[in-house]
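Here the structure is laid out as structure tokens; the discussion comes afterwards.
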Amino acid sequence: MFGSLQEIVRELDDTVAVTEVNENSVAVLPFVNLSSDEEQEYFSDGLSEELLHLLARIPELNVAARTSSFSFKNKDVEIPEIASRLKVAHILEGSVRKHGNQLRITAQLIRADNGYHLWSETYDRQLDNVFQIQEDIATAVADALRITLLGEAPKLQRTDSRAYQLFLEGRYLKRQLGRDSLHGALEVLKQAVEIDPSYAPALIELADTYFWINRPEDVVLADQAIEIAISSDPGYAQAYYVRGASFLYKKNNFKKGIADFEHALELEPNNADLVAAIGKGALVTGKFDLAITQIQAALALEIVPEFYYHLGRAYLSSGRLDEAEASFRKMMDLAPDSPAQSLLWETLLVKGDLEAALPLADYDLERSVTYFALGDTAKADEELTVLIENARSYSLARIYGYRGDADKTFEWLDYLLANTDYFPTFILAETAFVSVHSDPRWEIFLEKLNLLEYWHEMTPG
């Protein structure tokens with residue numbers, strides 16, 4: 001296994017294109033928090049990220065993605081090495097000191113190959129000036145790199161300084177994805193929206209937090225926040241991305257979801273998450289070749305563990321098993337706590353490498369399927385009993401799918417729709433159900449999920 005995320009960035013997958021360093025390229029490192037309060041870390045990180053996004057909106061400038069540049073936070077790595085790994089010619093670094101409403105931001109632009117400071121500045125301002133400071137830094141970077149802006153310099157959406165702080169804090173909490181942090185993010189973002197009901201970034205983070213918490217009433221509240229955000233800022237790409245995810249994963253409206261993803265990408269064509277979003281939509285609707293192409297393109301922009309999840313699933317569903325295995329092993333290297341091991345188990349199972357699959361079978365579903373494939377029906381049924389007692393309907397349907405028991409497979413799929421609100425997102429990519437694809441009940445089930453037309457596109461004639 002690789003020793004660090006930095007090493008993985010250096011050893012990209014063969015599928016990811018390697019390009020020459022562009023002179024008009026920069027990585028924004030997370031600014032150092034010099035405030036006496038360590039809890040202000042969210043502010044320095046958030047300000048750095050907002051500055052990165054602002055610079056990325058300059059078409060003439062190539063900006064390293066957040067995941068890549070933030071991977072060097074608190075790491076003792078020299079500037080030339082960081083630039084080499086991120087394939088940029090320049091590094092923007094700095095510090096933030098915040099005390100009450102008083103703000104000191106120091107920024108410096110460094111040419112990586114010789115360590116020369118092309119530009120540096122210290123801003124002693126009130127918190128209300130935070131937007132202007134970020135815009136001034138972005139303009140100064142463009143000037144220092146002798147970039148002639150083809151249009152007006154990018155601007156940040158203005159809001160109340162308190163709402164901005166709450167937005168940064170809420171986004172920081174939401175990304176931790178713990179139960180307490182999600183509910184903390186919800187309260188903080190509600191406060192931000194109360195202060196400025198039309199601030200699109202806070203509204204979209206609020207909507208996304210509602211989706212993560214996922215109570216029945218939250219979908220309606222999330223939809224309301226999204227529509228207000230789009231009305232307030234029709235050019236905010238993230239709003240269409242989140243609405244597209246809602247259509248795709250919550251409402252089974254795949255056409256609208258993919259259309260929103262496409263519009264978001266039109267607004268921000270170099271955003272790796274949005275490039276990947278098209279691939280995710282393709283994977284859900286059974287367009288596996290398109291999914292592979294899009295996720296590879298996203299990985300060329302930014303190394304994100306989740307991208308390997310979708311890339312591997314597309315390979316697995318296409319029968320490209322060696323490439324699927326390589327993708328899931330890469331994901332395990334990047335994120336050992338991710339679900340990559342389960343997908344690697346499934347890939348090895350489909351390959352018929354049962355002896356290698358068995359040690360990876362951590363869950364009762366995986367053990368039951370593997371024991372059954374090995375011919376040990378007693379152990380397989382023992383694990384199956386545990387699942388039946390807990391009525392884990394989709395898991396049971398998958399087990400029976402692997403067993404080739406069509407009646408039991410559809411019994412549990414029908415139970416799923418009748419008794420849960422779970423949507424089997426990647427069912428068209430699900431290898432467990434290959435055994436029932438020719439059963440007439442398969443198309444009847446897909447029609448209930450609004451996926452039948454996509455199945456017909458996958459299997460013309």
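Residue numbering restarts at 1 for every chain of the structure tokens, chains are lettered A, B, ... in their displayed order, and ligands are numbered from 1 as they appear.
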
Could you list, as a ChimeraX atom specification, every residue within 10 Å of A:Ile137, counting only C-alpha atoms and ignoring same-chain residues fewer than 5 positions away? /A:51,54-55,92,106-109,119-121,123,132,142-143

File dump, residues just selected, all heavy atoms, as a compact mmCIF listing (two decimals), in the first residue's frame:
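The file below, result10.txt, is the result:
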# COMPACT_ATOMS: atom_id res chain seq x y z
N LEU A 51 -10.95 31.34 -1.88
CA LEU A 51 -9.97 31.99 -2.74
C LEU A 51 -9.58 31.08 -3.90
O LEU A 51 -9.45 31.52 -5.06
CB LEU A 51 -8.74 32.37 -1.92
CG LEU A 51 -7.58 33.04 -2.65
CD1 LEU A 51 -8.03 34.31 -3.36
CD2 LEU A 51 -6.46 33.36 -1.66
N LEU A 54 -12.28 31.16 -6.42
CA LEU A 54 -12.27 32.44 -7.12
C LEU A 54 -11.21 32.43 -8.23
O LEU A 54 -11.48 32.83 -9.36
CB LEU A 54 -11.99 33.56 -6.11
CG LEU A 54 -12.15 35.00 -6.60
CD1 LEU A 54 -13.60 35.27 -6.98
CD2 LEU A 54 -11.71 35.98 -5.51
N LEU A 55 -10.02 31.97 -7.90
CA LEU A 55 -8.96 31.88 -8.90
C LEU A 55 -9.33 30.91 -10.03
O LEU A 55 -8.99 31.13 -11.19
CB LEU A 55 -7.65 31.43 -8.23
CG LEU A 55 -6.96 32.47 -7.35
CD1 LEU A 55 -5.88 31.81 -6.50
CD2 LEU A 55 -6.35 33.57 -8.21
N LEU A 92 0.53 29.50 -3.96
CA LEU A 92 0.01 30.62 -3.16
C LEU A 92 -0.19 30.12 -1.75
O LEU A 92 -0.94 29.16 -1.52
CB LEU A 92 -1.31 31.13 -3.74
CG LEU A 92 -1.93 32.32 -3.01
CD1 LEU A 92 -1.08 33.57 -3.18
CD2 LEU A 92 -3.36 32.58 -3.50
N THR A 106 -2.17 37.48 5.36
CA THR A 106 -0.91 37.60 4.63
C THR A 106 -0.91 36.55 3.53
O THR A 106 -1.24 35.39 3.76
CB THR A 106 0.29 37.37 5.56
OG1 THR A 106 0.28 38.39 6.58
CG2 THR A 106 1.60 37.45 4.79
N ALA A 107 -0.56 36.97 2.33
CA ALA A 107 -0.52 36.06 1.18
C ALA A 107 0.76 36.28 0.40
O ALA A 107 1.26 37.42 0.32
CB ALA A 107 -1.74 36.28 0.29
N GLN A 108 1.29 35.21 -0.17
CA GLN A 108 2.48 35.32 -1.00
C GLN A 108 2.44 34.30 -2.12
O GLN A 108 2.06 33.15 -1.91
CB GLN A 108 3.75 35.17 -0.17
CG GLN A 108 3.82 33.94 0.70
CD GLN A 108 5.00 33.97 1.65
OE1 GLN A 108 5.68 34.99 1.83
NE2 GLN A 108 5.28 32.83 2.25
N LEU A 109 2.83 34.76 -3.29
CA LEU A 109 2.87 33.92 -4.48
C LEU A 109 4.32 33.57 -4.76
O LEU A 109 5.17 34.46 -4.90
CB LEU A 109 2.25 34.66 -5.67
CG LEU A 109 2.20 33.89 -6.98
CD1 LEU A 109 1.23 32.72 -6.88
CD2 LEU A 109 1.79 34.81 -8.14
N TRP A 119 5.11 37.93 -5.51
CA TRP A 119 4.22 38.95 -4.93
C TRP A 119 3.90 38.55 -3.51
O TRP A 119 3.81 37.36 -3.18
CB TRP A 119 2.93 39.04 -5.76
CG TRP A 119 1.82 39.79 -5.08
CD1 TRP A 119 1.61 41.13 -5.06
CD2 TRP A 119 0.75 39.21 -4.29
NE1 TRP A 119 0.50 41.44 -4.31
CE2 TRP A 119 -0.04 40.27 -3.84
CE3 TRP A 119 0.42 37.90 -3.93
CZ2 TRP A 119 -1.16 40.07 -3.04
CZ3 TRP A 119 -0.68 37.70 -3.14
CH2 TRP A 119 -1.47 38.77 -2.70
N SER A 120 3.77 39.52 -2.64
CA SER A 120 3.29 39.26 -1.27
C SER A 120 2.60 40.52 -0.76
O SER A 120 2.90 41.64 -1.19
CB SER A 120 4.45 38.86 -0.35
OG SER A 120 5.36 39.93 -0.21
N GLU A 121 1.69 40.32 0.14
CA GLU A 121 0.93 41.45 0.69
C GLU A 121 0.34 41.04 2.03
O GLU A 121 0.01 39.87 2.26
CB GLU A 121 -0.18 41.85 -0.27
CG GLU A 121 -0.93 43.11 0.10
CD GLU A 121 -0.06 44.34 0.02
OE1 GLU A 121 0.31 44.77 -1.09
OE2 GLU A 121 0.28 44.86 1.12
N TYR A 123 -2.80 42.26 4.60
CA TYR A 123 -4.03 43.05 4.65
C TYR A 123 -4.49 43.13 6.10
O TYR A 123 -4.82 42.11 6.71
CB TYR A 123 -5.13 42.40 3.81
CG TYR A 123 -4.77 42.23 2.35
CD1 TYR A 123 -4.08 41.10 1.91
CD2 TYR A 123 -5.12 43.19 1.41
CE1 TYR A 123 -3.74 40.93 0.58
CE2 TYR A 123 -4.79 43.03 0.06
CZ TYR A 123 -4.10 41.91 -0.34
OH TYR A 123 -3.77 41.74 -1.66
N GLN A 132 -13.50 41.69 -0.38
CA GLN A 132 -12.62 42.53 -1.18
C GLN A 132 -11.18 42.05 -1.09
O GLN A 132 -10.43 42.07 -2.09
CB GLN A 132 -12.71 43.99 -0.71
CG GLN A 132 -11.98 44.97 -1.62
CD GLN A 132 -12.55 44.98 -3.02
OE1 GLN A 132 -13.75 45.16 -3.20
NE2 GLN A 132 -11.69 44.77 -4.02
N ALA A 142 -3.15 37.21 -10.75
CA ALA A 142 -3.22 37.32 -12.20
C ALA A 142 -2.20 38.33 -12.71
O ALA A 142 -1.51 38.09 -13.72
CB ALA A 142 -4.64 37.72 -12.62
N ASP A 143 -2.09 39.47 -12.04
CA ASP A 143 -1.12 40.49 -12.46
C ASP A 143 0.31 39.96 -12.35
O ASP A 143 1.13 40.18 -13.25
CB ASP A 143 -1.27 41.75 -11.60
CG ASP A 143 -2.56 42.50 -11.90
OD1 ASP A 143 -3.17 42.23 -12.96
OD2 ASP A 143 -2.95 43.34 -11.07

Using only C-alpha atoms, which residues sit within 10 Å of A:Ser317 once same-chain residues fewer than 3 positions away are excluded, as a list in words?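 In the requested form, the answer reads Leu283, Gly286, Lys287, Phe288, Asp289, Gly312, Arg313, Ala314, Arg320, Leu321, Ala324, Thr347, Leu428, Ala429, Glu430, Thr431 and Val434 of chain A.
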
Proximity to A:Ala276 - best of A:Tyr249, A:Tyr241, A:Trp455, A:Tyr394, only C-alpha atoms: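 For A:Ala276, the nearest of the given residues is A:Tyr241.
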
What's around stretch 361-367 of chain A at 7 Å? Count only C-alpha atoms, leave out sequence neighbours fewer than 4 positions away in its own chain, and write the answer as a ChimeraX atom specification. /A:345,357,371,380,383,395,399

Near stretch 29-46 of chain A, within 10 Å and counting only C-alpha atoms, which residues show up once chain neighbours fewer than 2 positions away are dropped, as JSON, numbers by chain? {"A": [26, 27, 48, 49, 50, 51, 52, 64, 66, 68, 69, 70, 71, 72, 73, 74, 82, 91, 92, 93, 94, 95, 96, 97, 98, 99, 103, 104, 105, 106, 107, 164, 165, 166, 167, 168, 169, 170, 171, 172, 173]}

Find the residues around A:Pro197 up to 12 Å (only C-alpha atoms counted), leave out those fewer than 6 positions away in its own chain, and share them as a PyMOL selection string. chain A and resi 159-160+163+189-191+203-204+206+224-229+231-232

Could you take the residues named above and write them with N, CA and C atoms, as a PDB file, in the first residue's frame?
ATOM      1  N   THR A 159     -22.186  38.959   1.105  1.00  0.00           N
ATOM      2  CA  THR A 159     -23.195  38.718   2.132  1.00  0.00           C
ATOM      3  C   THR A 159     -22.737  39.381   3.415  1.00  0.00           C
ATOM      4  N   ASP A 160     -23.549  39.325   4.424  1.00  0.00           N
ATOM      5  CA  ASP A 160     -23.175  39.831   5.743  1.00  0.00           C
ATOM      6  C   ASP A 160     -21.969  39.033   6.261  1.00  0.00           C
ATOM      7  N   ALA A 163     -22.907  36.111   8.400  1.00  0.00           N
ATOM      8  CA  ALA A 163     -23.462  35.004   7.612  1.00  0.00           C
ATOM      9  C   ALA A 163     -22.352  34.236   6.902  1.00  0.00           C
ATOM     10  N   LEU A 189     -25.980  26.666   9.672  1.00  0.00           N
ATOM     11  CA  LEU A 189     -26.390  27.127   8.351  1.00  0.00           C
ATOM     12  C   LEU A 189     -27.773  27.783   8.389  1.00  0.00           C
ATOM     13  N   LYS A 190     -28.643  27.302   9.251  1.00  0.00           N
ATOM     14  CA  LYS A 190     -29.945  27.973   9.428  1.00  0.00           C
ATOM     15  C   LYS A 190     -29.738  29.413   9.893  1.00  0.00           C
ATOM     16  N   GLN A 191     -28.797  29.602  10.796  1.00  0.00           N
ATOM     17  CA  GLN A 191     -28.498  30.952  11.271  1.00  0.00           C
ATOM     18  C   GLN A 191     -27.982  31.829  10.137  1.00  0.00           C
ATOM     19  N   LEU A 203     -27.387  28.528   1.371  1.00  0.00           N
ATOM     20  CA  LEU A 203     -28.623  27.797   1.076  1.00  0.00           C
ATOM     21  C   LEU A 203     -28.323  26.404   0.522  1.00  0.00           C
ATOM     22  N   ILE A 204     -27.325  26.305  -0.336  1.00  0.00           N
ATOM     23  CA  ILE A 204     -27.001  25.009  -0.944  1.00  0.00           C
ATOM     24  C   ILE A 204     -26.337  24.086   0.076  1.00  0.00           C
ATOM     25  N   LEU A 206     -26.971  24.173   3.201  1.00  0.00           N
ATOM     26  CA  LEU A 206     -28.105  23.795   4.051  1.00  0.00           C
ATOM     27  C   LEU A 206     -28.898  22.669   3.393  1.00  0.00           C
ATOM     28  N   GLN A 224     -36.799  23.540  -1.073  1.00  0.00           N
ATOM     29  CA  GLN A 224     -37.100  24.962  -0.924  1.00  0.00           C
ATOM     30  C   GLN A 224     -35.818  25.785  -0.935  1.00  0.00           C
ATOM     31  N   ALA A 225     -34.818  25.320  -0.208  1.00  0.00           N
ATOM     32  CA  ALA A 225     -33.544  26.043  -0.148  1.00  0.00           C
ATOM     33  C   ALA A 225     -32.873  26.097  -1.522  1.00  0.00           C
ATOM     34  N   ILE A 226     -32.937  25.006  -2.264  1.00  0.00           N
ATOM     35  CA  ILE A 226     -32.318  24.957  -3.591  1.00  0.00           C
ATOM     36  C   ILE A 226     -32.975  25.957  -4.528  1.00  0.00           C
ATOM     37  N   GLU A 227     -34.286  25.995  -4.547  1.00  0.00           N
ATOM     38  CA  GLU A 227     -34.983  26.890  -5.469  1.00  0.00           C
ATOM     39  C   GLU A 227     -34.719  28.354  -5.129  1.00  0.00           C
ATOM     40  N   ILE A 228     -34.647  28.676  -3.849  1.00  0.00           N
ATOM     41  CA  ILE A 228     -34.316  30.056  -3.464  1.00  0.00           C
ATOM     42  C   ILE A 228     -32.907  30.402  -3.921  1.00  0.00           C
ATOM     43  N   ALA A 229     -31.982  29.450  -3.767  1.00  0.00           N
ATOM     44  CA  ALA A 229     -30.588  29.681  -4.172  1.00  0.00           C
ATOM     45  C   ALA A 229     -30.497  29.935  -5.672  1.00  0.00           C
ATOM     46  N   SER A 231     -32.851  30.999  -7.684  1.00  0.00           N
ATOM     47  CA  SER A 231     -33.479  32.290  -7.981  1.00  0.00           C
ATOM     48  C   SER A 231     -32.554  33.452  -7.630  1.00  0.00           C
ATOM     49  N   SER A 232     -31.810  33.291  -6.529  1.00  0.00           N
ATOM     50  CA  SER A 232     -30.921  34.361  -6.074  1.00  0.00           C
ATOM     51  C   SER A 232     -29.662  34.460  -6.923  1.00  0.00           C
TER      52      SER A 232
END

What's around stretch 412-418 of chain A at 12 Å? Count only C-alpha atoms, leave out sequence neighbours fewer than 5 positions away in its own chain, and write the answer as a list in words. Leu387, Ile388, Ala391, Arg392, Ser393, Tyr394, Ser395, Leu396, Ala397, Arg398, Ile399, Tyr400, Gly401, Asp405, Ala406, Asp407, Phe423, Pro424, Ile427, Phe433, Val436, Arg441, Trp442, Ile444, Phe445, Leu446, Lys448 and Leu449 of chain A

When you draw a straight line from atom CA of A:Val369 to atom CA of A:Leu354, how long is it in Å? 10.2 Å

Would you please give, as a PyMOL selection string, all residues of stretch 112-229 of chain A that DSSP assigns to strand (DSSP E or B) based on the backbone? chain A and resi 117-126

Restricting the output to N, CA, C and O atoms, write the selected residues as a CSV table (one decimal), in the first residue's frame.
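File part_28.csv, as written:
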chain,number,residue,atom,x,y,z
A,117,HIS,N,9.8,35.0,-4.6
A,117,HIS,CA,8.5,35.5,-4.3
A,117,HIS,C,8.1,36.5,-5.4
A,117,HIS,O,8.7,37.6,-5.5
A,118,LEU,N,7.1,36.2,-6.2
A,118,LEU,CA,6.6,37.1,-7.2
A,118,LEU,C,5.8,38.2,-6.6
A,118,LEU,O,5.7,39.3,-7.2
A,119,TRP,N,5.1,37.9,-5.5
A,119,TRP,CA,4.2,39.0,-4.9
A,119,TRP,C,3.9,38.5,-3.5
A,119,TRP,O,3.8,37.4,-3.2
A,120,SER,N,3.8,39.5,-2.6
A,120,SER,CA,3.3,39.3,-1.3
A,120,SER,C,2.6,40.5,-0.8
A,120,SER,O,2.9,41.6,-1.2
A,121,GLU,N,1.7,40.3,0.1
A,121,GLU,CA,0.9,41.4,0.7
A,121,GLU,C,0.3,41.0,2.0
A,121,GLU,O,0.0,39.9,2.3
A,122,THR,N,0.2,42.0,2.9
A,122,THR,CA,-0.5,41.8,4.2
A,122,THR,C,-1.6,42.8,4.2
A,122,THR,O,-1.5,44.0,4.0
A,123,TYR,N,-2.8,42.3,4.6
A,123,TYR,CA,-4.0,43.0,4.7
A,123,TYR,C,-4.5,43.1,6.1
A,123,TYR,O,-4.8,42.1,6.7
A,124,ASP,N,-4.5,44.3,6.7
A,124,ASP,CA,-5.1,44.6,8.0
A,124,ASP,C,-6.4,45.3,7.8
A,124,ASP,O,-6.4,46.5,7.5
A,125,ARG,N,-7.5,44.5,7.9
A,125,ARG,CA,-8.8,45.1,7.6
A,125,ARG,C,-9.8,44.6,8.6
A,125,ARG,O,-9.5,43.7,9.4
A,126,GLN,N,-11.0,45.2,8.5
A,126,GLN,CA,-12.1,44.7,9.3
A,126,GLN,C,-12.7,43.5,8.6
A,126,GLN,O,-12.6,43.3,7.4

Which polymer residues have any atom within 7 Å of an atom of A:Ile213, counting only C-alpha atoms, with same-chain residues fewer than 3 positions away left out, as a PDB file with N, CA and C atoms, in the first residue's frame?
ATOM      1  N   LEU A 182     -23.337  16.859  11.606  1.00  0.00           N
ATOM      2  CA  LEU A 182     -24.369  17.209  10.642  1.00  0.00           C
ATOM      3  C   LEU A 182     -25.454  18.069  11.281  1.00  0.00           C
ATOM      4  N   THR A 209     -27.025  19.435   3.573  1.00  0.00           N
ATOM      5  CA  THR A 209     -27.041  18.909   4.941  1.00  0.00           C
ATOM      6  C   THR A 209     -28.369  18.221   5.236  1.00  0.00           C
ATOM      7  N   TYR A 210     -29.468  18.826   4.772  1.00  0.00           N
ATOM      8  CA  TYR A 210     -30.776  18.177   4.917  1.00  0.00           C
ATOM      9  C   TYR A 210     -30.766  16.799   4.258  1.00  0.00           C
TER      10      TYR A 210
END

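Minimum atom-to-atom distances from A:Lys351, A:Lys256, A:Arg215, A:Arg175 to A:Asp421 were compared using only C-alpha atoms, and the lowest value belongs to A:Arg215.
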
Using DSSP secondary structure from the backbone, list all alpha helix (DSSP H) positions within stretch 229-396 of chain A, as a PyMOL selection string. chain A and resi 229-232+237-249+254-267+272-284+288-301+305-318+321-334+340-351+354-357+364-374+377-389+393-396

Under the rule that only C-alpha atoms are counted, which of A:Leu47, A:Leu145, A:Asp223, A:Ser25 is the nearest residue to A:Ile133? A:Leu47
